[in-house]
Amino acid sequence: MRFALFIAFMLAAGSAVAADETAPAWVALGGDGHVALIRHGSAPGAPGDPAGFRLDDCKTQRNLSDQGRADSRALGDRFRARQVKVGKIISSQWCRCRQTAELMNIGPVEEAPTFNNAFVLSAKRDTLTEGARAAIAAWRGLGALVVVTHGQNILALLGIHPGEGEVIVVAPEPNGEQKMRVVGRIGRGM
């Protein structure tokens with residue numbers, strides 16, 4: 001019984017800490033000049049895509065699950081409820097990323113090949129990462145730059161492997177080694 005109470009206490013405490021850790025991220029997104037790196041919503045299956053996939057045919061790729069679509073809509077609702085100032089939305093060309101961005105319904109979505117799947121395009125990982133760093137470091141727009149990409153891309157940029165639908169908020173630092181610093185994280189449903 002004591003063990004069960006201890007576990008319940010730890011879970012409750014962990015939830016409070018996790019919620020507190022999202023506050024700096026939400027505050028940053030309410031202003032100008034930050035970047036929200038979002039890993040696409042839930043897309044079941046093995047990492048990567050089936051053999052013979054094509055970017056112009058979503059039926060040949062891993063796609064969002066019902067949960068991934070619902071989570072993407074809910075993330076857009078949270079952005080609106082928190083009055084996130086969105087300056088621009090860009091996405092990997094992969095369907096699961098574009099769908100995540102579109103279902104958030106927070107503005108028009110532009111494709112940005114430098115955020116394409118670094119797992120599948122592993123031979124181009126360094127080039128993709130360099131381009132992503134440059135795009136983030138250059139952001140000076142009003143509001144936030146919202147980027148929907150893949151877990152491996154965020155891992156290559158920051159050394160963080162986010163969960164599906166997780167948001168990593170960064171501040172551009174053009175003169176820094178990584179060209180950005182992490183402000184905070186927003187987990188799925190937070």
# chains A, B, ... in the order shown; residues from 1 in each chain; ligands from 1

$ residues_around --residues "stretch 79-90 of chain A" --least-positions-apart "2" --cutoff "9 Å" --atoms "only C-alpha atoms" --output "ChimeraX atom specification"
/A:26-33,74-77,92,98,101,104,106-112,115,141-149

$ write_last_selection --atoms "N, CA, C and O atoms" --output "compact mmCIF listing (two decimals), in the first residue's frame"
# COMPACT_ATOMS: atom_id res chain seq x y z
N TRP A 26 5.75 28.26 -23.58
CA TRP A 26 4.52 28.96 -23.96
C TRP A 26 4.71 30.47 -23.93
O TRP A 26 4.24 31.18 -24.82
N VAL A 27 5.44 30.98 -22.93
CA VAL A 27 5.70 32.42 -22.86
C VAL A 27 6.48 32.87 -24.09
O VAL A 27 6.15 33.88 -24.72
N ALA A 28 7.51 32.13 -24.45
CA ALA A 28 8.33 32.49 -25.62
C ALA A 28 7.48 32.52 -26.88
O ALA A 28 7.63 33.41 -27.73
N LEU A 29 6.58 31.56 -27.03
CA LEU A 29 5.75 31.49 -28.24
C LEU A 29 4.71 32.61 -28.29
O LEU A 29 4.13 32.86 -29.34
N GLY A 30 4.48 33.29 -27.18
CA GLY A 30 3.56 34.42 -27.18
C GLY A 30 4.19 35.70 -27.69
O GLY A 30 3.51 36.69 -27.91
N GLY A 31 5.51 35.67 -27.89
CA GLY A 31 6.23 36.86 -28.36
C GLY A 31 6.74 36.67 -29.77
O GLY A 31 6.20 35.91 -30.55
N ASP A 32 7.81 37.37 -30.07
CA ASP A 32 8.40 37.34 -31.41
C ASP A 32 9.75 36.63 -31.39
O ASP A 32 10.45 36.63 -30.38
N GLY A 33 10.10 36.07 -32.55
CA GLY A 33 11.46 35.61 -32.78
C GLY A 33 11.84 34.22 -32.33
O GLY A 33 12.99 33.82 -32.49
N ALA A 74 -5.57 19.06 -31.67
CA ALA A 74 -5.52 19.53 -30.28
C ALA A 74 -4.34 20.48 -30.07
O ALA A 74 -4.46 21.47 -29.33
N LEU A 75 -3.20 20.21 -30.71
CA LEU A 75 -2.05 21.10 -30.58
C LEU A 75 -2.38 22.47 -31.18
O LEU A 75 -2.07 23.50 -30.59
N GLY A 76 -3.05 22.49 -32.31
CA GLY A 76 -3.50 23.76 -32.88
C GLY A 76 -4.44 24.49 -31.94
O GLY A 76 -4.34 25.72 -31.78
N ASP A 77 -5.35 23.75 -31.31
CA ASP A 77 -6.26 24.36 -30.32
C ASP A 77 -5.48 24.98 -29.17
O ASP A 77 -5.80 26.08 -28.72
N SER A 92 8.40 19.69 -43.37
CA SER A 92 9.02 18.68 -44.21
C SER A 92 8.03 18.35 -45.33
O SER A 92 6.82 18.55 -45.18
N ARG A 98 3.35 17.37 -43.16
CA ARG A 98 2.42 18.34 -43.76
C ARG A 98 1.04 18.21 -43.13
O ARG A 98 0.39 19.21 -42.82
N ALA A 101 0.96 19.81 -39.67
CA ALA A 101 0.90 21.28 -39.79
C ALA A 101 -0.47 21.74 -40.26
O ALA A 101 -1.03 22.70 -39.73
N MET A 104 -3.20 21.38 -37.59
CA MET A 104 -3.10 22.37 -36.52
C MET A 104 -3.93 23.61 -36.87
O MET A 104 -4.41 24.29 -35.99
N ILE A 106 -3.29 26.65 -38.11
CA ILE A 106 -2.83 27.92 -37.53
C ILE A 106 -2.26 28.86 -38.60
O ILE A 106 -1.71 29.91 -38.28
N GLY A 107 -2.42 28.48 -39.87
CA GLY A 107 -1.96 29.33 -40.96
C GLY A 107 -1.52 28.50 -42.15
O GLY A 107 -1.49 27.27 -42.09
N PRO A 108 -1.20 29.19 -43.26
CA PRO A 108 -0.77 28.47 -44.46
C PRO A 108 0.58 27.78 -44.24
O PRO A 108 1.44 28.31 -43.55
N VAL A 109 0.72 26.61 -44.82
CA VAL A 109 1.91 25.78 -44.62
C VAL A 109 2.77 25.80 -45.89
O VAL A 109 2.26 25.56 -46.98
N GLU A 110 4.06 26.09 -45.72
CA GLU A 110 5.02 26.03 -46.82
C GLU A 110 5.92 24.82 -46.62
O GLU A 110 6.30 24.51 -45.50
N GLU A 111 6.28 24.17 -47.72
CA GLU A 111 7.22 23.05 -47.64
C GLU A 111 8.64 23.58 -47.57
O GLU A 111 8.98 24.55 -48.23
N ALA A 112 9.46 22.92 -46.77
CA ALA A 112 10.86 23.30 -46.60
C ALA A 112 11.71 22.03 -46.64
O ALA A 112 11.84 21.34 -45.63
N PHE A 115 14.06 20.40 -43.97
CA PHE A 115 13.52 19.70 -42.81
C PHE A 115 12.99 18.31 -43.17
O PHE A 115 12.31 17.68 -42.38
N GLY A 141 11.32 37.04 -37.91
CA GLY A 141 9.96 37.47 -38.18
C GLY A 141 9.18 37.83 -36.94
O GLY A 141 9.58 37.53 -35.81
N LEU A 142 8.05 38.49 -37.16
CA LEU A 142 7.11 38.73 -36.09
C LEU A 142 6.47 37.39 -35.74
O LEU A 142 6.15 36.60 -36.62
N GLY A 143 6.29 37.12 -34.49
CA GLY A 143 5.72 35.85 -34.07
C GLY A 143 6.75 34.74 -34.14
O GLY A 143 7.95 34.96 -34.27
N ALA A 144 6.24 33.52 -34.04
CA ALA A 144 7.10 32.33 -34.03
C ALA A 144 7.17 31.69 -35.41
O ALA A 144 6.21 31.72 -36.17
N LEU A 145 8.31 31.11 -35.68
CA LEU A 145 8.46 30.22 -36.83
C LEU A 145 8.08 28.84 -36.34
O LEU A 145 8.66 28.34 -35.37
N VAL A 146 7.08 28.22 -36.95
CA VAL A 146 6.63 26.89 -36.58
C VAL A 146 7.15 25.93 -37.64
O VAL A 146 6.88 26.11 -38.83
N VAL A 147 7.92 24.93 -37.19
CA VAL A 147 8.53 23.96 -38.10
C VAL A 147 8.05 22.57 -37.72
O VAL A 147 8.23 22.14 -36.58
N VAL A 148 7.43 21.86 -38.67
CA VAL A 148 7.03 20.48 -38.42
C VAL A 148 8.00 19.58 -39.19
O VAL A 148 8.15 19.69 -40.40
N THR A 149 8.68 18.71 -38.44
CA THR A 149 9.73 17.88 -39.01
C THR A 149 9.71 16.50 -38.37
O THR A 149 8.68 16.06 -37.86

$ select_by_dssp --residues "stretch 1-186 of chain A" --states "strand (DSSP E)" --output "short mmCIF file (atom, residue, chain, number, x, y, z; two decimals) with N, CA and C atoms, in the first residue's frame"
data_model
loop_
_atom_site.label_atom_id
_atom_site.label_comp_id
_atom_site.auth_asym_id
_atom_site.auth_seq_id
_atom_site.Cartn_x
_atom_site.Cartn_y
_atom_site.Cartn_z
N VAL A 35 11.31 29.85 -32.26
CA VAL A 35 11.02 28.78 -33.22
C VAL A 35 10.45 27.59 -32.46
N ALA A 36 9.32 27.06 -32.96
CA ALA A 36 8.71 25.85 -32.41
C ALA A 36 9.04 24.70 -33.35
N LEU A 37 9.92 23.80 -32.90
CA LEU A 37 10.25 22.60 -33.67
C LEU A 37 9.30 21.50 -33.21
N ILE A 38 8.48 21.00 -34.11
CA ILE A 38 7.45 20.02 -33.76
C ILE A 38 7.74 18.71 -34.49
N ARG A 39 7.82 17.63 -33.72
CA ARG A 39 7.88 16.32 -34.35
C ARG A 39 6.45 15.97 -34.76
N VAL A 86 1.92 33.29 -34.49
CA VAL A 86 2.53 32.49 -35.54
C VAL A 86 2.93 33.41 -36.69
N GLY A 87 4.22 33.45 -36.99
CA GLY A 87 4.71 34.27 -38.09
C GLY A 87 4.75 33.51 -39.40
N LYS A 88 5.15 32.23 -39.33
CA LYS A 88 5.29 31.41 -40.53
C LYS A 88 5.29 29.95 -40.11
N ILE A 89 4.72 29.11 -40.99
CA ILE A 89 4.70 27.67 -40.74
C ILE A 89 5.38 26.98 -41.91
N ILE A 90 6.40 26.17 -41.60
CA ILE A 90 7.06 25.39 -42.63
C ILE A 90 7.07 23.92 -42.22
N SER A 91 7.18 23.06 -43.21
CA SER A 91 7.08 21.63 -42.95
C SER A 91 7.98 20.84 -43.87
N VAL A 109 0.72 26.61 -44.82
CA VAL A 109 1.91 25.78 -44.62
C VAL A 109 2.77 25.80 -45.89
N GLU A 110 4.06 26.09 -45.72
CA GLU A 110 5.02 26.03 -46.82
C GLU A 110 5.92 24.82 -46.62
N GLU A 111 6.28 24.17 -47.72
CA GLU A 111 7.22 23.05 -47.64
C GLU A 111 8.64 23.58 -47.57
N ALA A 144 6.24 33.52 -34.04
CA ALA A 144 7.10 32.33 -34.03
C ALA A 144 7.17 31.69 -35.41
N LEU A 145 8.31 31.11 -35.68
CA LEU A 145 8.46 30.22 -36.83
C LEU A 145 8.08 28.84 -36.34
N VAL A 146 7.08 28.22 -36.95
CA VAL A 146 6.63 26.89 -36.58
C VAL A 146 7.15 25.93 -37.64
N VAL A 147 7.92 24.93 -37.19
CA VAL A 147 8.53 23.96 -38.10
C VAL A 147 8.05 22.57 -37.72
N VAL A 148 7.43 21.86 -38.67
CA VAL A 148 7.03 20.48 -38.42
C VAL A 148 8.00 19.58 -39.19
N THR A 149 8.68 18.71 -38.44
CA THR A 149 9.73 17.88 -39.01
C THR A 149 9.71 16.50 -38.37
N VAL A 167 6.76 19.46 -28.88
CA VAL A 167 7.26 20.75 -29.36
C VAL A 167 8.51 21.11 -28.57
N ILE A 168 9.57 21.46 -29.28
CA ILE A 168 10.79 21.98 -28.65
C ILE A 168 10.89 23.44 -29.09
N VAL A 169 10.87 24.36 -28.14
CA VAL A 169 10.94 25.79 -28.46
C VAL A 169 12.39 26.23 -28.30
N VAL A 170 12.89 26.89 -29.35
CA VAL A 170 14.27 27.37 -29.33
C VAL A 170 14.30 28.86 -29.66
N ALA A 171 15.38 29.50 -29.21
CA ALA A 171 15.66 30.89 -29.55
C ALA A 171 16.83 30.88 -30.52
N PRO A 172 16.70 31.52 -31.68
CA PRO A 172 17.82 31.59 -32.61
C PRO A 172 19.01 32.30 -31.97
N MET A 180 21.21 28.00 -32.01
CA MET A 180 19.96 28.10 -31.27
C MET A 180 20.19 27.59 -29.85
N ARG A 181 19.28 28.00 -28.96
CA ARG A 181 19.31 27.44 -27.60
C ARG A 181 17.88 27.02 -27.24
N VAL A 182 17.79 25.96 -26.47
CA VAL A 182 16.48 25.44 -26.08
C VAL A 182 15.90 26.34 -24.98
N VAL A 183 14.64 26.74 -25.19
CA VAL A 183 13.90 27.55 -24.22
C VAL A 183 13.03 26.65 -23.37
N GLY A 184 12.40 25.65 -23.98
CA GLY A 184 11.53 24.75 -23.25
C GLY A 184 10.92 23.70 -24.15
N ARG A 185 10.21 22.78 -23.51
CA ARG A 185 9.58 21.67 -24.22
C ARG A 185 8.11 21.61 -23.84
N ILE A 186 7.30 21.23 -24.83
CA ILE A 186 5.87 21.06 -24.60
C ILE A 186 5.51 19.66 -25.08
#

$ closest_residue --among "A:Ala138, A:His40, A:Gly163, A:Cys95" --to "A:Arg62" --atoms "only C-alpha atoms"
A:Cys95

$ closest_residue --among "A:Gln152, A:Ser72, A:Asn116, A:Thr129" --to "A:Glu102" --atoms "only C-alpha atoms"
A:Ser72

$ atom_distance --atom1 "atom CA of A:Ala137" --atom2 "atom CA of A:Ile160"
18.1 Å

$ closest_atom_pairs --of "stretch 55-150 of chain A" --to "stretch 43-47 of chain A" --cutoff "12 Å" --atoms "only C-alpha atoms" --output "CSV"
residue,atom,partner,partner_atom,distance
A:Gln61,CA,A:Ala43,CA,9.7
A:Arg62,CA,A:Ala43,CA,6.1
A:Asn63,CA,A:Ala43,CA,5.3
A:Leu64,CA,A:Ala43,CA,4.3
A:Ser65,CA,A:Ala43,CA,5.4
A:Asp66,CA,A:Ala43,CA,9.0
A:Gln67,CA,A:Ala43,CA,8.7
A:Gly68,CA,A:Ala43,CA,6.5
A:Arg69,CA,A:Ala43,CA,9.3
A:Ala70,CA,A:Ala43,CA,11.9
A:Asp71,CA,A:Ala43,CA,11.3
A:Ser72,CA,A:Ala43,CA,11.5
A:Trp94,CA,A:Ala43,CA,11.5
A:Cys95,CA,A:Ala43,CA,10.3
A:Arg96,CA,A:Ala43,CA,7.1
A:Cys97,CA,A:Ala43,CA,9.8
A:Gln99,CA,A:Ala43,CA,10.8
A:Thr100,CA,A:Ala43,CA,10.3
A:Asn117,CA,A:Pro47,CA,10.4
A:Ala118,CA,A:Pro47,CA,11.1
A:Phe119,CA,A:Pro47,CA,7.8
A:Val120,CA,A:Pro47,CA,8.6
A:His150,CA,A:Pro47,CA,10.5
